[in-house]
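*Asks:* What follows is query.txt, compact mmCIF, C-alpha atoms.
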```txt
# COMPACT_ATOMS: atom_id res chain seq x y z
CA MET U 1327 36.82 -37.49 -99.89
CA LEU U 1328 37.05 -39.28 -96.57
CA LEU U 1329 40.63 -38.20 -96.14
CA TYR U 1330 39.61 -34.60 -96.65
CA VAL U 1331 37.01 -34.73 -93.84
CA GLN U 1332 39.45 -36.32 -91.38
CA ALA U 1333 42.00 -33.62 -92.10
CA SER U 1334 39.43 -30.89 -91.43
CA ILE U 1335 38.47 -32.39 -88.03
CA SER U 1336 42.12 -32.62 -87.05
CA ASN U 1337 42.67 -28.95 -87.88
CA MET U 1338 39.63 -27.90 -85.76
CA LYS U 1339 40.94 -29.79 -82.71
CA SER U 1340 44.29 -28.05 -83.01
CA ALA U 1341 42.60 -24.61 -83.16
CA CYS U 1342 40.45 -25.26 -80.03
CA LEU U 1343 43.47 -26.45 -78.07
CA SER U 1344 45.39 -23.32 -79.02
CA LEU U 1345 42.55 -21.03 -77.82
CA LEU U 1346 42.30 -22.86 -74.48
CA LEU U 1347 46.00 -22.48 -73.83
CA VAL U 1348 45.86 -18.74 -74.59
CA SER U 1349 42.96 -18.17 -72.11
CA VAL U 1350 44.79 -20.03 -69.37
CA CYS U 1351 47.88 -17.98 -69.86
CA TRP U 1352 45.97 -14.72 -69.49
CA ALA U 1353 43.97 -15.78 -66.33
CA LEU U 1354 44.60 -14.01 -63.00
CA PRO U 1355 45.95 -15.99 -60.02
CA PHE U 1356 43.32 -17.60 -57.69
CA ARG U 1357 42.41 -15.63 -54.50
CA GLN U 1358 40.42 -17.16 -51.58
CA SER U 1359 37.36 -15.04 -50.67
CA GLY U 1360 36.21 -15.02 -47.07
CA PHE U 1361 32.81 -14.11 -45.54
CA MET U 1362 33.84 -10.49 -44.89
CA ASP U 1363 34.95 -10.12 -48.55
CA PHE U 1364 31.43 -10.90 -49.72
CA MET U 1365 30.02 -8.45 -47.20
CA ILE U 1366 32.32 -5.69 -48.47
CA GLU U 1367 31.38 -6.44 -52.07
CA ASP U 1368 27.67 -6.23 -51.23
CA GLU U 1369 28.06 -2.91 -49.40
CA GLN U 1370 29.79 -1.37 -52.46
CA GLY U 1371 26.61 -1.83 -54.44
CA SER U 1372 25.82 -3.91 -57.49
CA GLY U 1373 27.10 -2.85 -60.82
CA SER U 1374 30.16 -1.05 -59.46
CA PRO U 1375 33.01 -1.31 -61.96
CA MET U 1376 35.63 -0.84 -59.24
CA PRO U 1377 37.14 -3.96 -57.72
CA PRO U 1378 36.55 -4.46 -53.96
CA THR U 1379 39.20 -2.94 -51.75
CA ARG U 1380 39.67 -3.57 -48.03
CA ARG U 1381 40.55 -0.68 -45.78
CA PRO U 1382 41.33 -0.86 -42.08
CA PRO U 1383 38.44 0.42 -39.90
CA VAL U 1384 38.77 3.93 -38.57
CA GLN U 1385 39.30 3.85 -34.81
CA THR U 1386 37.22 6.58 -33.12
CA PRO U 1387 37.97 7.21 -29.45
CA PRO U 1388 35.00 6.57 -27.12
CA VAL U 1389 33.14 9.62 -25.86
CA LEU U 1390 33.29 9.73 -22.08
CA THR U 1391 30.15 11.20 -20.54
CA GLU U 1392 29.73 11.82 -16.85
CA GLU U 1393 27.04 9.60 -15.32
CA PRO U 1394 24.18 11.66 -13.90
CA GLU U 1395 23.86 11.70 -10.16
CA GLY U 1396 20.30 10.36 -10.22
CA SER U 1397 21.36 7.08 -11.84
CA PHE U 1398 23.38 5.83 -8.88
CA CYS U 1399 22.04 3.04 -6.67
CA PRO U 1400 23.08 2.85 -3.00
CA PHE U 1401 25.50 0.08 -2.11
CA ARG U 1402 23.77 -3.29 -1.53
CA CYS U 1403 20.39 -1.86 -2.50
CA GLN U 1404 18.40 -2.73 -5.60
CA CYS U 1405 17.02 -0.06 -7.93
CA HIS U 1406 14.52 -0.62 -10.69
CA LEU U 1407 11.94 1.62 -12.31
CA ARG U 1408 12.42 4.37 -9.71
CA VAL U 1409 11.90 1.90 -6.84
CA VAL U 1410 14.79 1.68 -4.36
CA GLN U 1411 14.79 -1.49 -2.26
CA CYS U 1412 17.08 -1.30 0.80
CA SER U 1413 15.18 -3.47 3.29
CA ASP U 1414 16.64 -6.19 5.53
CA LEU U 1415 20.26 -5.06 5.16
CA GLY U 1416 21.11 -4.21 8.76
CA LEU U 1417 21.57 -0.53 7.86
CA LYS U 1418 22.21 1.89 10.72
CA ASN U 1419 21.72 5.02 8.63
CA VAL U 1420 19.81 6.06 5.53
CA PRO U 1421 22.16 5.25 2.62
CA GLU U 1422 23.71 7.94 0.45
CA LYS U 1423 23.29 8.53 -3.30
CA ILE U 1424 19.61 7.63 -3.47
CA PRO U 1425 18.46 8.26 -7.08
CA LEU U 1426 16.82 11.66 -7.26
CA ASP U 1427 13.99 10.38 -9.44
CA SER U 1428 12.93 7.69 -6.95
CA THR U 1429 9.21 7.34 -6.25
CA LEU U 1430 9.39 4.55 -3.63
CA LEU U 1431 12.07 4.05 -0.98
CA ASP U 1432 11.89 0.90 1.15
CA LEU U 1433 14.08 0.92 4.27
CA GLN U 1434 12.08 -1.43 6.48
CA ASN U 1435 13.59 -4.07 8.77
CA ASN U 1436 16.90 -2.31 9.38
CA LYS U 1437 18.60 -0.80 12.44
CA ILE U 1438 18.22 2.89 11.64
CA SER U 1439 17.94 4.94 14.83
CA GLU U 1440 17.91 8.50 13.50
CA ILE U 1441 16.65 10.32 10.44
CA ARG U 1442 19.04 13.19 9.76
CA GLU U 1443 18.26 16.54 8.19
CA ASN U 1444 19.66 15.79 4.72
CA ASP U 1445 18.86 12.08 4.46
CA PHE U 1446 16.11 12.70 1.90
CA LYS U 1447 17.39 15.91 0.39
CA GLY U 1448 16.45 16.38 -3.26
CA LEU U 1449 13.95 13.51 -3.39
CA LYS U 1450 11.15 15.74 -4.64
CA GLY U 1451 9.49 12.95 -6.60
CA LEU U 1452 9.30 10.46 -3.72
CA GLN U 1453 5.73 9.25 -3.14
CA THR U 1454 6.16 6.35 -0.72
CA LEU U 1455 8.60 6.10 2.21
CA ILE U 1456 8.74 2.86 4.20
CA LEU U 1457 10.63 2.92 7.50
CA VAL U 1458 8.78 0.11 9.29
CA ASN U 1459 10.52 -1.96 11.96
CA ASN U 1460 13.65 0.05 12.65
CA LYS U 1461 14.92 1.64 15.87
CA ILE U 1462 14.06 5.24 15.05
CA THR U 1463 13.88 7.56 18.04
CA ILE U 1464 14.56 10.89 16.34
CA ILE U 1465 13.39 12.44 13.07
CA HIS U 1466 15.03 15.80 12.42
CA ALA U 1467 12.53 18.65 12.20
CA LYS U 1468 13.49 19.36 8.57
CA ALA U 1469 14.11 15.79 7.43
CA LEU U 1470 10.75 15.44 5.66
CA SER U 1471 10.37 19.01 4.43
CA SER U 1472 11.91 18.35 0.99
CA LEU U 1473 9.49 15.48 0.23
CA ILE U 1474 6.94 17.77 -1.36
CA ASN U 1475 5.12 14.96 -3.22
CA LEU U 1476 5.09 12.32 -0.48
CA GLU U 1477 1.76 10.47 -0.29
CA ARG U 1478 2.44 7.46 1.97
CA LEU U 1479 4.59 7.44 5.11
CA TYR U 1480 5.00 4.18 7.06
CA LEU U 1481 6.69 4.57 10.44
CA SER U 1482 5.19 1.71 12.44
CA LYS U 1483 7.23 -0.49 14.80
CA ASN U 1484 9.80 2.09 15.86
CA LEU U 1485 10.61 3.96 19.08
CA LEU U 1486 9.15 7.38 18.32
CA LYS U 1487 7.73 9.39 21.21
CA ASP U 1488 6.22 12.17 19.12
CA VAL U 1489 4.50 12.58 15.79
CA PRO U 1490 7.19 13.86 13.35
CA ALA U 1491 7.25 17.59 12.65
CA ASN U 1492 6.72 19.17 9.23
CA ILE U 1493 5.01 16.20 7.64
CA PRO U 1494 4.44 17.09 3.96
CA LYS U 1495 0.99 18.53 3.24
CA SER U 1496 0.71 16.17 0.26
CA LEU U 1497 0.50 13.12 2.54
CA GLN U 1498 -2.52 10.83 2.09
CA GLU U 1499 -1.64 7.90 4.34
CA LEU U 1500 0.16 7.93 7.70
CA ARG U 1501 0.80 4.72 9.61
CA ILE U 1502 2.64 5.32 12.87
CA HIS U 1503 1.31 2.52 15.07
CA GLU U 1504 3.43 0.47 17.48
CA ASN U 1505 5.65 3.29 18.69
CA GLN U 1506 6.03 5.06 22.05
CA ILE U 1507 3.84 8.08 21.32
CA THR U 1508 2.09 9.47 24.39
CA LYS U 1509 0.88 12.80 23.05
CA ILE U 1510 -1.07 13.98 20.01
CA LYS U 1511 -0.95 17.76 19.95
CA LYS U 1512 -3.38 20.05 18.21
CA SER U 1513 -0.54 21.01 15.88
CA SER U 1514 0.50 17.43 15.10
CA PHE U 1515 -1.63 17.23 11.95
CA ALA U 1516 -1.95 20.93 11.16
CA GLY U 1517 -2.59 21.62 7.49
CA MET U 1518 -2.73 17.94 6.53
CA ALA U 1519 -5.95 18.26 4.58
CA ASN U 1520 -5.13 15.46 2.11
CA VAL U 1521 -4.80 12.60 4.61
CA ILE U 1522 -7.25 9.76 3.97
CA VAL U 1523 -5.86 6.97 6.21
CA MET U 1524 -4.54 7.48 9.76
CA GLU U 1525 -3.17 4.59 11.83
CA LEU U 1526 -2.16 5.42 15.42
CA GLY U 1527 -2.81 2.17 17.30
CA SER U 1528 -0.60 0.35 19.79
CA ASN U 1529 0.87 3.49 21.32
CA PRO U 1530 0.80 4.30 25.08
CA LEU U 1531 -1.76 7.05 24.49
CA SER U 1532 -4.19 8.21 27.16
CA SER U 1533 -7.30 10.35 26.71
CA SER U 1534 -5.54 13.27 28.34
CA GLY U 1535 -2.74 12.90 25.80
CA VAL U 1536 -5.03 13.61 22.84
CA ASP U 1537 -5.68 17.34 22.50
CA ASN U 1538 -9.21 18.46 21.72
CA GLY U 1539 -9.29 19.29 18.00
CA ALA U 1540 -6.12 17.35 17.22
CA PHE U 1541 -7.83 15.88 14.14
CA ALA U 1542 -9.63 19.05 13.05
CA ASP U 1543 -7.46 19.71 9.98
CA LEU U 1544 -7.97 16.23 8.55
CA LYS U 1545 -10.76 17.37 6.25
CA ARG U 1546 -10.68 14.34 3.95
CA VAL U 1547 -9.80 11.51 6.32
CA SER U 1548 -12.05 8.47 5.94
CA TYR U 1549 -10.24 5.90 8.12
CA ILE U 1550 -8.83 6.34 11.63
CA ARG U 1551 -7.59 3.53 13.83
CA ILE U 1552 -6.55 4.16 17.43
CA ALA U 1553 -6.64 0.64 18.84
CA ASP U 1554 -4.82 -1.02 21.74
CA THR U 1555 -4.04 2.16 23.68
CA ASN U 1556 -5.00 3.48 27.11
CA ILE U 1557 -7.68 5.96 26.06
CA THR U 1558 -10.85 5.82 28.21
CA SER U 1559 -13.21 7.76 25.95
CA ILE U 1560 -13.89 8.39 22.27
CA PRO U 1561 -11.68 11.31 21.17
CA LYS U 1562 -13.49 14.60 20.71
CA GLY U 1563 -13.62 16.67 17.56
CA LEU U 1564 -13.27 13.83 15.07
CA PRO U 1565 -13.73 14.89 11.41
CA SER U 1566 -17.19 14.54 9.87
CA SER U 1567 -15.60 12.93 6.79
CA LEU U 1568 -14.88 9.71 8.71
CA PHE U 1569 -16.16 6.55 7.09
CA GLU U 1570 -14.50 4.02 9.44
CA LEU U 1571 -13.46 4.51 13.08
CA HIS U 1572 -11.66 1.69 14.90
CA LEU U 1573 -11.20 2.10 18.65
CA ASP U 1574 -10.90 -1.58 19.60
CA GLY U 1575 -8.80 -2.82 22.49
CA ASN U 1576 -8.85 0.37 24.58
CA LYS U 1577 -10.27 1.20 28.01
CA ILE U 1578 -13.36 3.10 26.94
CA THR U 1579 -16.10 2.77 29.57
CA LYS U 1580 -18.99 4.69 28.03
CA VAL U 1581 -20.38 5.77 24.66
CA THR U 1582 -21.97 9.20 24.93
CA ALA U 1583 -24.19 10.90 22.40
CA ASP U 1584 -21.85 13.88 22.36
CA SER U 1585 -18.83 11.73 21.46
CA LEU U 1586 -20.45 10.66 18.18
CA LYS U 1587 -21.91 14.04 17.31
CA GLY U 1588 -21.18 15.21 13.79
CA LEU U 1589 -20.09 11.82 12.42
CA LYS U 1590 -22.86 11.81 9.83
CA ASN U 1591 -20.86 9.79 7.28
CA LEU U 1592 -19.63 7.07 9.63
CA SER U 1593 -20.38 3.62 8.25
CA LYS U 1594 -18.33 1.33 10.51
CA LEU U 1595 -17.61 1.76 14.22
CA GLY U 1596 -15.33 -0.66 16.05
CA LEU U 1597 -15.49 -0.63 19.85
CA SER U 1598 -14.67 -4.28 20.61
CA HIS U 1599 -12.58 -5.30 23.63
CA ASN U 1600 -13.19 -2.22 25.75
CA GLU U 1601 -14.90 -1.78 29.13
CA ILE U 1602 -18.13 -0.26 27.86
CA SER U 1603 -21.13 -0.74 30.14
CA VAL U 1604 -23.37 2.04 28.81
CA VAL U 1605 -24.40 3.33 25.40
CA GLU U 1606 -26.35 6.54 25.99
CA ASN U 1607 -29.75 7.08 24.44
CA GLY U 1608 -29.44 9.09 21.27
CA SER U 1609 -25.89 7.97 20.54
CA LEU U 1610 -26.82 5.94 17.46
CA ALA U 1611 -29.00 8.76 16.14
CA ASN U 1612 -25.84 10.86 15.70
CA VAL U 1613 -24.43 8.30 13.24
CA PRO U 1614 -27.40 8.00 10.85
CA HIS U 1615 -25.49 6.13 8.11
CA LEU U 1616 -23.89 3.54 10.37
CA ARG U 1617 -24.03 0.06 8.86
CA GLU U 1618 -21.71 -1.97 11.10
CA LEU U 1619 -21.30 -1.71 14.89
CA HIS U 1620 -18.84 -3.83 16.90
CA LEU U 1621 -19.53 -3.84 20.64
CA ASP U 1622 -18.41 -7.37 21.45
CA SER U 1623 -16.19 -8.20 24.43
CA ASN U 1624 -17.43 -5.38 26.65
CA MET U 1625 -19.51 -5.11 29.82
CA LEU U 1626 -22.96 -4.33 28.41
CA THR U 1627 -25.93 -5.66 30.37
CA SER U 1628 -28.56 -4.84 27.74
CA VAL U 1629 -28.93 -4.34 24.01
CA PRO U 1630 -28.06 -0.69 23.16
CA ALA U 1631 -31.03 1.62 22.70
CA GLY U 1632 -31.86 3.08 19.31
CA LEU U 1633 -31.38 0.01 17.11
CA PRO U 1634 -35.05 -0.34 16.04
CA GLU U 1635 -35.15 3.29 14.84
CA HIS U 1636 -31.87 3.13 12.98
CA LYS U 1637 -32.51 2.63 9.28
CA TYR U 1638 -29.16 1.39 8.03
CA ILE U 1639 -27.46 -0.82 10.63
CA GLN U 1640 -27.04 -4.27 9.13
CA VAL U 1641 -24.36 -5.88 11.33
CA ILE U 1642 -24.09 -5.67 15.11
CA TYR U 1643 -21.72 -7.69 17.29
CA LEU U 1644 -22.80 -8.04 20.91
CA HIS U 1645 -21.20 -11.34 21.88
CA SER U 1646 -19.08 -11.78 25.01
CA ASN U 1647 -20.94 -9.22 27.11
CA LYS U 1648 -23.21 -9.51 30.16
CA ILE U 1649 -26.56 -9.21 28.43
CA ALA U 1650 -29.13 -11.16 30.46
CA ALA U 1651 -32.31 -10.46 28.48
CA VAL U 1652 -33.37 -9.74 24.90
CA GLY U 1653 -36.75 -8.11 24.23
CA THR U 1654 -38.94 -8.43 21.15
CA GLU U 1655 -38.32 -4.80 20.19
CA ASP U 1656 -34.61 -4.54 20.96
CA PHE U 1657 -33.58 -4.88 17.30
CA CYS U 1658 -36.60 -4.33 15.08
CA PRO U 1659 -39.32 -1.69 14.88
CA PRO U 1660 -42.84 -2.71 15.98
CA GLY U 1661 -44.25 -3.18 12.47
CA TYR U 1662 -43.01 -5.28 9.58
CA ASN U 1663 -41.17 -3.83 6.60
CA THR U 1664 -40.50 -0.50 8.29
CA LYS U 1665 -36.74 -0.93 8.60
CA LYS U 1666 -34.94 0.28 5.50
CA ALA U 1667 -32.04 -2.22 5.71
CA MET U 1668 -32.47 -5.79 6.96
CA TYR U 1669 -29.91 -7.20 9.39
CA SER U 1670 -27.35 -9.52 7.83
CA GLY U 1671 -25.52 -10.32 11.08
CA ILE U 1672 -26.39 -10.30 14.81
CA SER U 1673 -24.08 -12.01 17.31
CA LEU U 1674 -25.28 -12.66 20.86
CA PHE U 1675 -23.33 -15.75 21.88
CA SER U 1676 -21.36 -15.85 25.15
CA ASN U 1677 -23.96 -13.80 27.03
CA PRO U 1678 -25.90 -14.94 30.14
CA VAL U 1679 -29.23 -14.64 28.30
CA PRO U 1680 -31.47 -17.73 28.37
CA TYR U 1681 -31.68 -18.21 24.62
CA TRP U 1682 -34.71 -20.52 24.79
CA GLU U 1683 -36.70 -17.58 26.15
CA VAL U 1684 -35.89 -15.30 23.19
CA GLN U 1685 -39.02 -14.99 21.03
CA PRO U 1686 -38.63 -15.71 17.30
CA ILE U 1687 -40.43 -12.46 16.49
CA THR U 1688 -37.44 -10.63 18.00
CA PHE U 1689 -35.54 -11.15 14.75
CA ARG U 1690 -38.36 -10.37 12.31
CA CYS U 1691 -36.19 -7.84 10.46
CA VAL U 1692 -33.25 -10.19 9.93
CA PHE U 1693 -32.52 -11.14 6.34
CA ASP U 1694 -31.90 -14.80 7.14
CA ARG U 1695 -32.09 -16.87 10.30
CA SER U 1696 -28.53 -18.07 9.73
CA ALA U 1697 -27.36 -14.51 10.33
CA ILE U 1698 -28.27 -14.82 14.04
CA GLN U 1699 -25.50 -16.22 16.22
CA LEU U 1700 -26.67 -17.51 19.57
CA GLY U 1701 -24.77 -19.85 21.84
CA ASN U 1702 -24.21 -21.22 25.27
CA TYR U 1703 -22.82 -19.06 28.05
CA ARG U 1704 -20.25 -20.35 30.45
CA LYS U 1705 -20.12 -18.47 33.71
CA LYS U 1706 -16.57 -17.50 34.60
```
Mind converting the file's structure to structure tokens?
*Replies:*
Amino acid sequence: MLLYVQASISNMKSACLSLLLVSVCWALPFRQSGFMDFMIEDEQGSGSPMPPTRRPPVQTPPVLTEEPEGSFCPFRCQCHLRVVQCSDLGLKNVPEKIPLDSTLLDLQNNKISEIRENDFKGLKGLQTLILVNNKITIIHAKALSSLINLERLYLSKNLLKDVPANIPKSLQELRIHENQITKIKKSSFAGMANVIVMELGSNPLSSSGVDNGAFADLKRVSYIRIADTNITSIPKGLPSSLFELHLDGNKITKVTADSLKGLKNLSKLGLSHNEISVVENGSLANVPHLRELHLDSNMLTSVPAGLPEHKYIQVIYLHSNKIAAVGTEDFCPPGYNTKKAMYSGISLFSNPVPYWEVQPITFRCVFDRSAIQLGNYRKK
């Protein structure tokens, strides 16, 4: 019986060995699979009965498209998000190929001496043009005409003798200080009804060089600065829309009631560093909403009339004048609590007034005693 079992086991081993040899003989040769082979197999989809095949990629020629003109950036400049930065490059001319969709063009601190007719041609979307600190003497009459959406024009620190012609009517801010302008004609700002800020200081202007009504078309202007010039009087015909008027550092000798007539919205008036010796009676009544008045560094011998009756003045600078006396009713009305706005600042230092003689009741309508600036006077 035992011999029969051993014979059976021996026959089973022989059968298994025969099957193993047959399977090995029928096996395919081994092929190394790389990473791309697995990728190709995955892309063919699962369950596909077809074996993976590798085909060479189809070479498609690149499509050559012409770059639009507006995408260029001038040589050495930097362009980003429709802002073209060409400052501090020593340029002698406005560069070519400025992107047509530009909204801001910065050309400050260069050596540009002339703006030619076609320098800004096609820049219909330009909103801000900066030409500060160049050597510009000439701006062609049609150079700015194509800038139909220009809002801010900065031309300060150049050598211009005239206000440029044909400034776009869309302009809201014009800064043309520190040039050589001697004349502001009645036509200089014709039709510029959208201007809000006007900066004309540090030009060799005289009162005779400013035409009467030169600012008449500036219907929306709220800020005008004509400082450090040679004008001897407040320009006539200033717009009633003015909120701030800065005339510091001129040669104005007198403030007349007529010169402030119509400025009903004026809130801040700067007349520091002039030669003013008189402020006419009734002058302050013509600026009923004035809140801040700078008359320091002039030649006043008394506190201007009209301050007690003015309801809104809160700050008044009178230091560095020749005021020799201050009365108890120079600033405040006779009764208490009758002034609508209390003073928050009064400066009287550097005047020949004996401060120990000033009565405390003089400043009864001042918000706080610390707002009063008195000081010693040194006779020159």
*Asks:* Using only C-alpha atoms, which protein or nucleic acid residues come within 7 Å of region 1590-1607 of chain U? Drop anything in the same chain fewer than 5 positions from it, and give the result as a PyMOL selection string.
*Replies:* chain U and resi 1566-1583+1612-1627+1630-1632
*Asks:* U:Asn1492, U:Ser1528, U:Ser1534, U:Gln1685: which is nearest Ala1516 (chain U), counting all atoms listed in the file?
*Replies:* U:Asn1492
*Asks:* Have a look at U:Lys1437, U:Lys1509, U:Lys1587, U:Lys1648 and name the one nearest to Thr1463 (chain U); count only C-alpha atoms.
*Replies:*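 Of U:Lys1437, U:Lys1509, U:Lys1587, U:Lys1648, the one nearest Thr1463 (chain U), counting only C-alpha atoms, is U:Lys1437.
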*Asks:* What's the separation between CA of Gly1517 (chain U) and CA of Leu1426 (chain U), in Å to one decimal place?
*Replies:*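 Here the two named atoms are 26.3 Å from each other.
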*Asks:* Could you list, as a PyMOL selection string, every residue within 10 Å of Gly1661 (chain U), counting only C-alpha atoms and ignoring same-chain residues fewer than 6 positions away?
*Replies:* chain U and resi 1655+1690-1691
*Asks:* Neighbouring residues of Ile1672 (chain U) were defined as those with any atom within 12 Å, considering all atoms listed in the file; residues of the same chain fewer than 3 positions away were excluded. Please report them as a PDB file with C-alpha atoms, keeping the file's coordinate frame.
*Replies:*
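The result, written out as around-v1.pdb:
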```
ATOM      1  CA  GLU U1618     -21.710  -1.970  11.100  1.00  0.00           C
ATOM      2  CA  LEU U1619     -21.300  -1.710  14.890  1.00  0.00           C
ATOM      3  CA  HIS U1620     -18.840  -3.830  16.900  1.00  0.00           C
ATOM      4  CA  LEU U1621     -19.530  -3.840  20.640  1.00  0.00           C
ATOM      5  CA  ASP U1622     -18.410  -7.370  21.450  1.00  0.00           C
ATOM      6  CA  VAL U1629     -28.930  -4.340  24.010  1.00  0.00           C
ATOM      7  CA  LEU U1633     -31.380   0.010  17.110  1.00  0.00           C
ATOM      8  CA  ILE U1639     -27.460  -0.820  10.630  1.00  0.00           C
ATOM      9  CA  GLN U1640     -27.040  -4.270   9.130  1.00  0.00           C
ATOM     10  CA  VAL U1641     -24.360  -5.880  11.330  1.00  0.00           C
ATOM     11  CA  ILE U1642     -24.090  -5.670  15.110  1.00  0.00           C
ATOM     12  CA  TYR U1643     -21.720  -7.690  17.290  1.00  0.00           C
ATOM     13  CA  LEU U1644     -22.800  -8.040  20.910  1.00  0.00           C
ATOM     14  CA  HIS U1645     -21.200 -11.340  21.880  1.00  0.00           C
ATOM     15  CA  ASP U1656     -34.610  -4.540  20.960  1.00  0.00           C
ATOM     16  CA  PHE U1657     -33.580  -4.880  17.300  1.00  0.00           C
ATOM     17  CA  CYS U1658     -36.600  -4.330  15.080  1.00  0.00           C
ATOM     18  CA  MET U1668     -32.470  -5.790   6.960  1.00  0.00           C
ATOM     19  CA  TYR U1669     -29.910  -7.200   9.390  1.00  0.00           C
ATOM     20  CA  PHE U1675     -23.330 -15.750  21.880  1.00  0.00           C
ATOM     21  CA  THR U1688     -37.440 -10.630  18.000  1.00  0.00           C
ATOM     22  CA  PHE U1689     -35.540 -11.150  14.750  1.00  0.00           C
ATOM     23  CA  CYS U1691     -36.190  -7.840  10.460  1.00  0.00           C
ATOM     24  CA  VAL U1692     -33.250 -10.190   9.930  1.00  0.00           C
ATOM     25  CA  PHE U1693     -32.520 -11.140   6.340  1.00  0.00           C
ATOM     26  CA  ASP U1694     -31.900 -14.800   7.140  1.00  0.00           C
ATOM     27  CA  ARG U1695     -32.090 -16.870  10.300  1.00  0.00           C
ATOM     28  CA  SER U1696     -28.530 -18.070   9.730  1.00  0.00           C
ATOM     29  CA  ALA U1697     -27.360 -14.510  10.330  1.00  0.00           C
ATOM     30  CA  ILE U1698     -28.270 -14.820  14.040  1.00  0.00           C
ATOM     31  CA  GLN U1699     -25.500 -16.220  16.220  1.00  0.00           C
ATOM     32  CA  LEU U1700     -26.670 -17.510  19.570  1.00  0.00           C
ATOM     33  CA  GLY U1701     -24.770 -19.850  21.840  1.00  0.00           C
TER      34      GLY U1701
END
```
*Asks:* Counting all atoms listed in the file, which residues sit no farther than 10 Å from the position (20.2, 3.4, -1.4) in the file's frame? I'd like them as a PyMOL selection string.
*Replies:* chain U and resi 1398-1405+1410-1413+1420-1425+1431-1433
*Asks:* Any idea what the distance is between CA of Asn1556 (chain U) and CA of Asn1435 (chain U)?
*Replies:*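 Pair CA of Asn1556 (chain U) / CA of Asn1435 (chain U) returns 27.2 Å.
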*Asks:* Provide the CA of Asn1505 (chain U) to CA of Phe1446 (chain U) distance in Å, to one decimal place.
*Replies:*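 Distance reported for this atom pair: 21.9 Å.
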*Asks:* Can you work out which one of U:Asp1543, U:Arg1478, U:Pro1660, U:Ser1646 has the shortest atom-to-atom distance to Pro1678 (chain U), counting all atoms listed in the file?
*Replies:* U:Ser1646
*Asks:* Within 7 Å of (-7.0, 11.6, -2.5) (coordinates as in the file), grab all the protein and nucleic acid residues, counting all atoms listed in the file, and write them out as a list in words.
*Replies:*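 Counting all atoms listed in the file, I find these residues within 7 Å of (-7.0, 11.6, -2.5): Gln1498, Asn1520 and Ile1522 of chain U.
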